[in-house]
file protein-v5.cif (mmCIF, C-alpha atoms)
data_target
loop_
_atom_site.label_atom_id
_atom_site.label_comp_id
_atom_site.auth_asym_id
_atom_site.auth_seq_id
_atom_site.Cartn_x
_atom_site.Cartn_y
_atom_site.Cartn_z
CA MET B 142 12.30 16.47 -8.76
CA ALA B 143 15.22 18.42 -10.13
CA GLY B 144 14.65 19.38 -13.74
CA GLY B 145 11.06 18.17 -13.75
CA ALA B 146 10.84 14.48 -14.57
CA GLN B 147 14.59 14.00 -14.77
CA GLY B 148 17.06 12.94 -12.08
CA ARG B 149 16.50 11.89 -8.49
CA PHE B 150 13.46 12.37 -6.31
CA GLU B 151 13.41 15.47 -4.13
CA GLY B 152 12.22 15.66 -0.58
CA GLY B 153 9.91 13.21 1.02
CA ALA B 154 8.74 12.80 4.56
CA ASP B 155 11.05 11.72 7.33
CA ASP B 156 8.41 10.63 9.81
CA ALA B 157 9.90 7.37 11.05
CA GLY B 158 10.84 8.64 14.48
CA GLY B 159 7.51 9.66 15.93
CA GLY B 160 3.76 9.74 15.75
CA SER B 161 1.22 7.01 16.17
CA GLY B 162 1.57 3.87 14.12
CA ARG B 163 5.28 4.39 13.59
CA PHE B 164 8.31 2.72 15.06
CA GLY B 165 10.57 4.40 17.60
CA ASP B 166 14.29 5.19 17.75
CA ASP B 167 16.29 3.33 20.34
CA GLY B 168 19.24 5.63 19.71
CA ALA B 169 21.49 2.84 18.45
CA GLU B 170 23.77 3.48 15.51
CA SER B 171 25.27 0.39 14.01
CA GLY B 172 26.44 -0.79 10.65
CA GLY B 173 27.46 -3.94 8.84
CA GLU B 174 25.78 -7.28 9.17
CA SER B 175 24.91 -9.56 12.04
CA GLY B 176 26.05 -13.17 12.18
CA ASP B 177 22.99 -14.38 10.25
CA GLY B 178 23.63 -12.08 7.26
CA SER B 179 20.92 -9.57 8.12
CA PRO B 180 21.87 -5.93 8.70
CA ARG B 181 22.72 -4.94 12.26
CA GLY B 182 20.36 -2.80 14.23
CA ASP B 183 16.61 -2.43 14.15
CA VAL B 184 14.16 -1.19 11.55
CA TYR B 185 14.80 2.44 12.43
CA ASP B 186 18.56 1.93 12.00
CA TRP B 187 17.97 0.34 8.58
CA TYR B 188 15.68 3.21 7.60
CA ARG B 189 18.21 5.90 8.61
CA ARG B 190 21.09 4.08 6.88
CA GLY B 191 18.92 3.60 3.80
CA LEU B 192 18.22 7.34 3.69
CA ARG B 193 21.93 8.11 4.02
CA LEU B 194 22.71 5.72 1.15
CA LEU B 195 19.99 7.32 -0.96
CA ASP B 196 21.25 10.83 -0.19
CA ALA B 197 24.81 9.72 -1.03
CA GLY B 198 23.71 8.56 -4.49
CA HIS B 199 23.55 4.80 -3.85
CA PRO B 200 19.91 4.00 -4.60
CA ALA B 201 20.36 0.28 -5.31
CA ALA B 202 22.07 -0.28 -1.95
CA ALA B 203 19.45 1.90 -0.24
CA ALA B 204 16.67 -0.13 -1.86
CA GLN B 205 18.08 -3.38 -0.46
CA LEU B 206 18.24 -2.04 3.08
CA LEU B 207 14.88 -0.27 2.88
CA ALA B 208 13.21 -3.39 1.43
CA ARG B 209 14.42 -5.27 4.52
CA ALA B 210 12.97 -2.54 6.76
CA SER B 211 9.69 -2.51 4.83
CA GLY B 212 9.39 -6.27 5.16
CA VAL B 213 9.58 -5.97 8.95
CA ALA B 214 7.47 -2.80 9.24
CA PRO B 215 5.16 -2.69 6.19
CA GLN B 216 2.84 -0.23 7.95
CA ALA B 217 5.60 2.41 8.21
CA ARG B 218 4.73 4.85 5.43
CA SER B 219 8.04 6.70 5.75
CA VAL B 220 9.95 3.47 5.10
CA ARG B 221 7.79 2.62 2.09
CA GLU B 222 8.16 6.13 0.67
CA ALA B 223 11.94 5.99 1.08
CA LEU B 224 11.95 2.54 -0.56
CA ALA B 225 9.87 3.90 -3.45
CA ARG B 226 12.32 6.80 -3.92
CA ALA B 227 15.28 4.41 -3.88
CA LEU B 228 13.64 2.07 -6.38
CA PHE B 229 12.81 5.00 -8.66
CA ASP B 230 16.35 6.35 -8.51
CA ALA B 231 17.69 2.84 -9.19
CA GLY B 232 15.63 2.72 -12.39
CA ARG B 233 13.18 0.14 -11.00
CA HIS B 234 10.14 2.21 -11.94
CA GLY B 235 7.51 -0.53 -11.87
CA GLU B 236 8.47 -1.49 -8.33
CA ALA B 237 8.60 2.19 -7.33
CA LEU B 238 5.09 2.65 -8.73
CA ALA B 239 3.79 -0.20 -6.57
CA GLU B 240 5.35 1.26 -3.42
CA PHE B 241 4.13 4.80 -4.12
CA ARG B 242 0.66 3.36 -4.77
CA VAL B 243 0.61 1.70 -1.34
CA VAL B 244 1.64 4.96 0.35
CA ALA B 245 -0.90 7.03 -1.62
CA GLU B 246 -3.71 4.56 -0.98
CA SER B 247 -2.98 4.63 2.75
CA ASP B 248 -3.16 8.46 2.70
CA PRO B 249 -4.80 9.82 -0.46
CA ALA B 250 -4.01 13.38 0.65
CA ASP B 251 -0.24 12.72 0.48
CA ASP B 252 0.73 14.93 -2.46
CA TYR B 253 4.27 13.53 -2.64
CA ALA B 254 3.02 9.94 -2.87
CA GLN B 255 0.60 10.99 -5.63
CA PHE B 256 3.50 12.69 -7.43
CA GLY B 257 5.70 9.61 -7.10
CA TRP B 258 2.90 7.35 -8.34
CA GLY B 259 2.33 9.61 -11.33
CA LEU B 260 5.99 10.02 -12.21
CA SER B 261 6.62 6.28 -11.89
CA ALA B 262 3.59 5.57 -14.09
CA ALA B 263 5.01 7.91 -16.73
CA ARG B 264 8.33 6.08 -16.63
CA VAL B 265 6.62 2.75 -17.33
CA GLY B 266 4.59 4.30 -20.15
CA ASP B 267 1.18 4.56 -18.46
CA PHE B 268 0.53 8.23 -19.18
CA GLU B 269 -3.19 8.15 -18.38
CA THR B 270 -2.39 7.04 -14.82
CA ALA B 271 0.51 9.48 -14.72
CA VAL B 272 -1.72 12.44 -15.60
CA GLU B 273 -4.36 11.39 -13.05
CA HIS B 274 -1.94 11.22 -10.12
CA LEU B 275 0.23 14.16 -11.17
CA ALA B 276 -2.93 16.28 -11.45
CA LEU B 277 -3.89 15.24 -7.91
CA ALA B 278 -0.43 16.22 -6.66
CA VAL B 279 -0.67 19.60 -8.39
CA ALA B 280 -4.17 20.19 -7.00
CA MET B 281 -2.93 19.45 -3.48
CA SER B 282 0.25 21.50 -3.82
CA PRO B 283 -0.16 23.98 -6.69
CA GLY B 284 2.98 25.91 -5.80
CA THR B 285 5.30 22.93 -6.33
CA LYS B 286 6.97 23.63 -9.65
CA HIS B 287 8.33 20.13 -10.33
CA TYR B 288 4.82 18.69 -9.86
CA ARG B 289 3.45 21.11 -12.48
CA THR B 290 6.36 20.44 -14.86
CA ALA B 291 5.86 16.67 -14.67
CA LEU B 292 2.11 17.06 -15.26
CA THR B 293 2.70 19.31 -18.29
CA GLN B 294 5.14 16.77 -19.74
CA ALA B 295 2.78 13.82 -19.18
CA ARG B 296 -0.14 15.69 -20.76
CA ALA B 297 2.02 16.66 -23.75
CA THR B 298 3.00 13.02 -24.23
CA LEU B 299 -0.66 11.97 -24.18
CA ARG B 300 -1.52 14.64 -26.76
CA ALA B 301 1.40 13.62 -28.98
CA ARG B 302 0.39 9.98 -28.83
CA ALA B 303 -3.17 10.94 -29.73
CA GLY B 304 -1.91 12.77 -32.81
CA GLY B 305 -2.44 16.19 -31.29
CA ARG B 306 -6.05 15.47 -30.34
CA PRO B 307 -7.20 15.45 -26.72
CA PRO B 308 -7.07 11.90 -25.29
CA GLY B 309 -10.19 9.84 -25.94
CA ARG B 310 -11.19 11.62 -29.16
CA ARG B 311 -10.91 9.97 -32.52
CA GLY B 312 -10.19 11.55 -35.83
CA ILE B 313 -12.33 11.30 -38.95
CA GLY B 314 -12.97 7.68 -39.88
CA GLY B 315 -11.44 6.42 -36.60
#

call {"tool": "encode", "arguments": {"input": "protein-v5.cif", "output": "structure tokens"}}
result
Amino acid sequence: MAGGAQGRFEGGADDAGGGSGRFGDDGAESGGESGDGSPRGDVYDWYRRGLRLLDAGHPAAAAQLLARASGVAPQARSVREALARALFDAGRHGEALAEFRVVAESDPADDYAQFGWGLSAARVGDFETAVEHLALAVAMSPGTKHYRTALTQARATLRARAGGRPPGRRGIGG
């Protein structure tokens, strides 16, 4: 994430077009809505348009389209990750946390999902959970600077809230 825990999410997997357990691309590009009010195209079209909206700085619109795609293809991790990123960027951190959690639980070795879970937890004020998942992300990808920065910030917040003591330790008379 640019600037550590500030700004929009960086990166993320774009695995919707291949591999087992994922949906395929029929090559169609369409926009707008169908006669029943749903977006035109298939799940893959919604996913690709959602990513374009997210990349163009329209996370709320992306979240709407990606939520539709996720509802039809809840097993598609790439869709859920993109939805989580859109929700986070739209300031809907609790919902983003839930989506990142689903992705991370389906693949605990997904460092980006762990990072998203941790960063979202920090944004909703759950710094213990934030530190746990940010530490996992850092352990899986130690060279990723924004993972380390977010972990450092979450740990500092925990220390500050504990009055400078390591979390879980009480002062005299406490």

call {"tool": "closest_residue", "arguments": {"input": "protein-v5.cif", "among": "B:Asp230, B:Val272, B:Ala254, B:Pro283", "to": "Pro200 (chain B)", "atoms": "all atoms listed in the file"}}
result
B:Asp230

call {"tool": "resolve_selection", "arguments": {"input": "protein-v5.cif", "expression": "the PyMOL selection byres ((chain B and resi 290-296) around 10)", "output": "compact mmCIF listing (two decimals) with C-alpha atoms, keeping the file's coordinate frame"}}
result
# COMPACT_ATOMS: atom_id res chain seq x y z
CA MET B 142 12.30 16.47 -8.76
CA GLY B 144 14.65 19.38 -13.74
CA GLY B 145 11.06 18.17 -13.75
CA ALA B 146 10.84 14.48 -14.57
CA GLN B 147 14.59 14.00 -14.77
CA PHE B 256 3.50 12.69 -7.43
CA GLY B 259 2.33 9.61 -11.33
CA LEU B 260 5.99 10.02 -12.21
CA ALA B 262 3.59 5.57 -14.09
CA ALA B 263 5.01 7.91 -16.73
CA ARG B 264 8.33 6.08 -16.63
CA GLY B 266 4.59 4.30 -20.15
CA ASP B 267 1.18 4.56 -18.46
CA PHE B 268 0.53 8.23 -19.18
CA GLU B 269 -3.19 8.15 -18.38
CA THR B 270 -2.39 7.04 -14.82
CA ALA B 271 0.51 9.48 -14.72
CA VAL B 272 -1.72 12.44 -15.60
CA GLU B 273 -4.36 11.39 -13.05
CA HIS B 274 -1.94 11.22 -10.12
CA LEU B 275 0.23 14.16 -11.17
CA ALA B 276 -2.93 16.28 -11.45
CA LEU B 277 -3.89 15.24 -7.91
CA ALA B 278 -0.43 16.22 -6.66
CA VAL B 279 -0.67 19.60 -8.39
CA THR B 285 5.30 22.93 -6.33
CA LYS B 286 6.97 23.63 -9.65
CA HIS B 287 8.33 20.13 -10.33
CA TYR B 288 4.82 18.69 -9.86
CA ARG B 289 3.45 21.11 -12.48
CA ALA B 297 2.02 16.66 -23.75
CA THR B 298 3.00 13.02 -24.23
CA LEU B 299 -0.66 11.97 -24.18
CA ARG B 300 -1.52 14.64 -26.76
CA ALA B 301 1.40 13.62 -28.98
CA ARG B 302 0.39 9.98 -28.83
CA PRO B 307 -7.20 15.45 -26.72
CA PRO B 308 -7.07 11.90 -25.29

call {"tool": "atom_distance", "arguments": {"input": "protein-v5.cif", "atom1": "CA of Asp252 (chain B)", "atom2": "CA of Val265 (chain B)"}}
result
20.1 Å

call {"tool": "axis_aligned_box", "arguments": {"input": "protein-v5.cif", "around": "region 200-208 of chain B", "padding_each_side": "8 Å", "output": "JSON"}}
result
{"center_x": 17.6, "center_y": 0.3, "center_z": -1.1, "size_x": 24.9, "size_y": 23.4, "size_z": 24.4}

call {"tool": "residues_around", "arguments": {"input": "protein-v5.cif", "residues": "region 238-245 of chain B", "least_positions_apart": "6", "cutoff": "7 Å", "atoms": "all atoms listed in the file", "output": "list in words"}}
result
Arg218, Arg221, Glu222, Ala225, Asp251, Ala254, Gln255, Gly257, Trp258, Ser261 and Ala262 of chain B

call {"tool": "closest_residue", "arguments": {"input": "protein-v5.cif", "among": "B:Val184, B:Ala217, B:Ala227, B:Ala303", "to": "Gln205 (chain B)", "atoms": "all atoms listed in the file"}}
result
B:Ala227

call {"tool": "atom_distance", "arguments": {"input": "protein-v5.cif", "atom1": "CA of Gly191 (chain B)", "atom2": "CA of Leu207 (chain B)"}}
result
5.7 Å

call {"tool": "resolve_selection", "arguments": {"input": "protein-v5.cif", "expression": "the PyMOL selection byres ((chain B and resi 187) around 10)", "output": "number ranges by chain"}}
result
B: 170-172, 180-186, 188-193, 203, 205-211, 220

call {"tool": "write_last_selection", "arguments": {"input": "protein-v5.cif", "atoms": "C-alpha atoms", "output": "compact mmCIF listing (two decimals), in the coordinates of the input"}}
result
# COMPACT_ATOMS: atom_id res chain seq x y z
CA GLU B 170 23.77 3.48 15.51
CA SER B 171 25.27 0.39 14.01
CA GLY B 172 26.44 -0.79 10.65
CA PRO B 180 21.87 -5.93 8.70
CA ARG B 181 22.72 -4.94 12.26
CA GLY B 182 20.36 -2.80 14.23
CA ASP B 183 16.61 -2.43 14.15
CA VAL B 184 14.16 -1.19 11.55
CA TYR B 185 14.80 2.44 12.43
CA ASP B 186 18.56 1.93 12.00
CA TYR B 188 15.68 3.21 7.60
CA ARG B 189 18.21 5.90 8.61
CA ARG B 190 21.09 4.08 6.88
CA GLY B 191 18.92 3.60 3.80
CA LEU B 192 18.22 7.34 3.69
CA ARG B 193 21.93 8.11 4.02
CA ALA B 203 19.45 1.90 -0.24
CA GLN B 205 18.08 -3.38 -0.46
CA LEU B 206 18.24 -2.04 3.08
CA LEU B 207 14.88 -0.27 2.88
CA ALA B 208 13.21 -3.39 1.43
CA ARG B 209 14.42 -5.27 4.52
CA ALA B 210 12.97 -2.54 6.76
CA SER B 211 9.69 -2.51 4.83
CA VAL B 220 9.95 3.47 5.10

call {"tool": "atom_distance", "arguments": {"input": "protein-v5.cif", "atom1": "CA of Met281 (chain B)", "atom2": "CA of Phe229 (chain B)"}}
result
22.0 Å

call {"tool": "closest_residue", "arguments": {"input": "protein-v5.cif", "among": "B:Leu228, B:Gly304, B:Gln216, B:His234", "to": "Ser247 (chain B)", "atoms": "all atoms listed in the file"}}
result
B:Gln216

call {"tool": "closest_residue", "arguments": {"input": "protein-v5.cif", "among": "B:Ala237, B:Ala223, B:Ala231, B:Ala214", "to": "Ala202 (chain B)", "atoms": "all atoms listed in the file"}}
result
B:Ala231
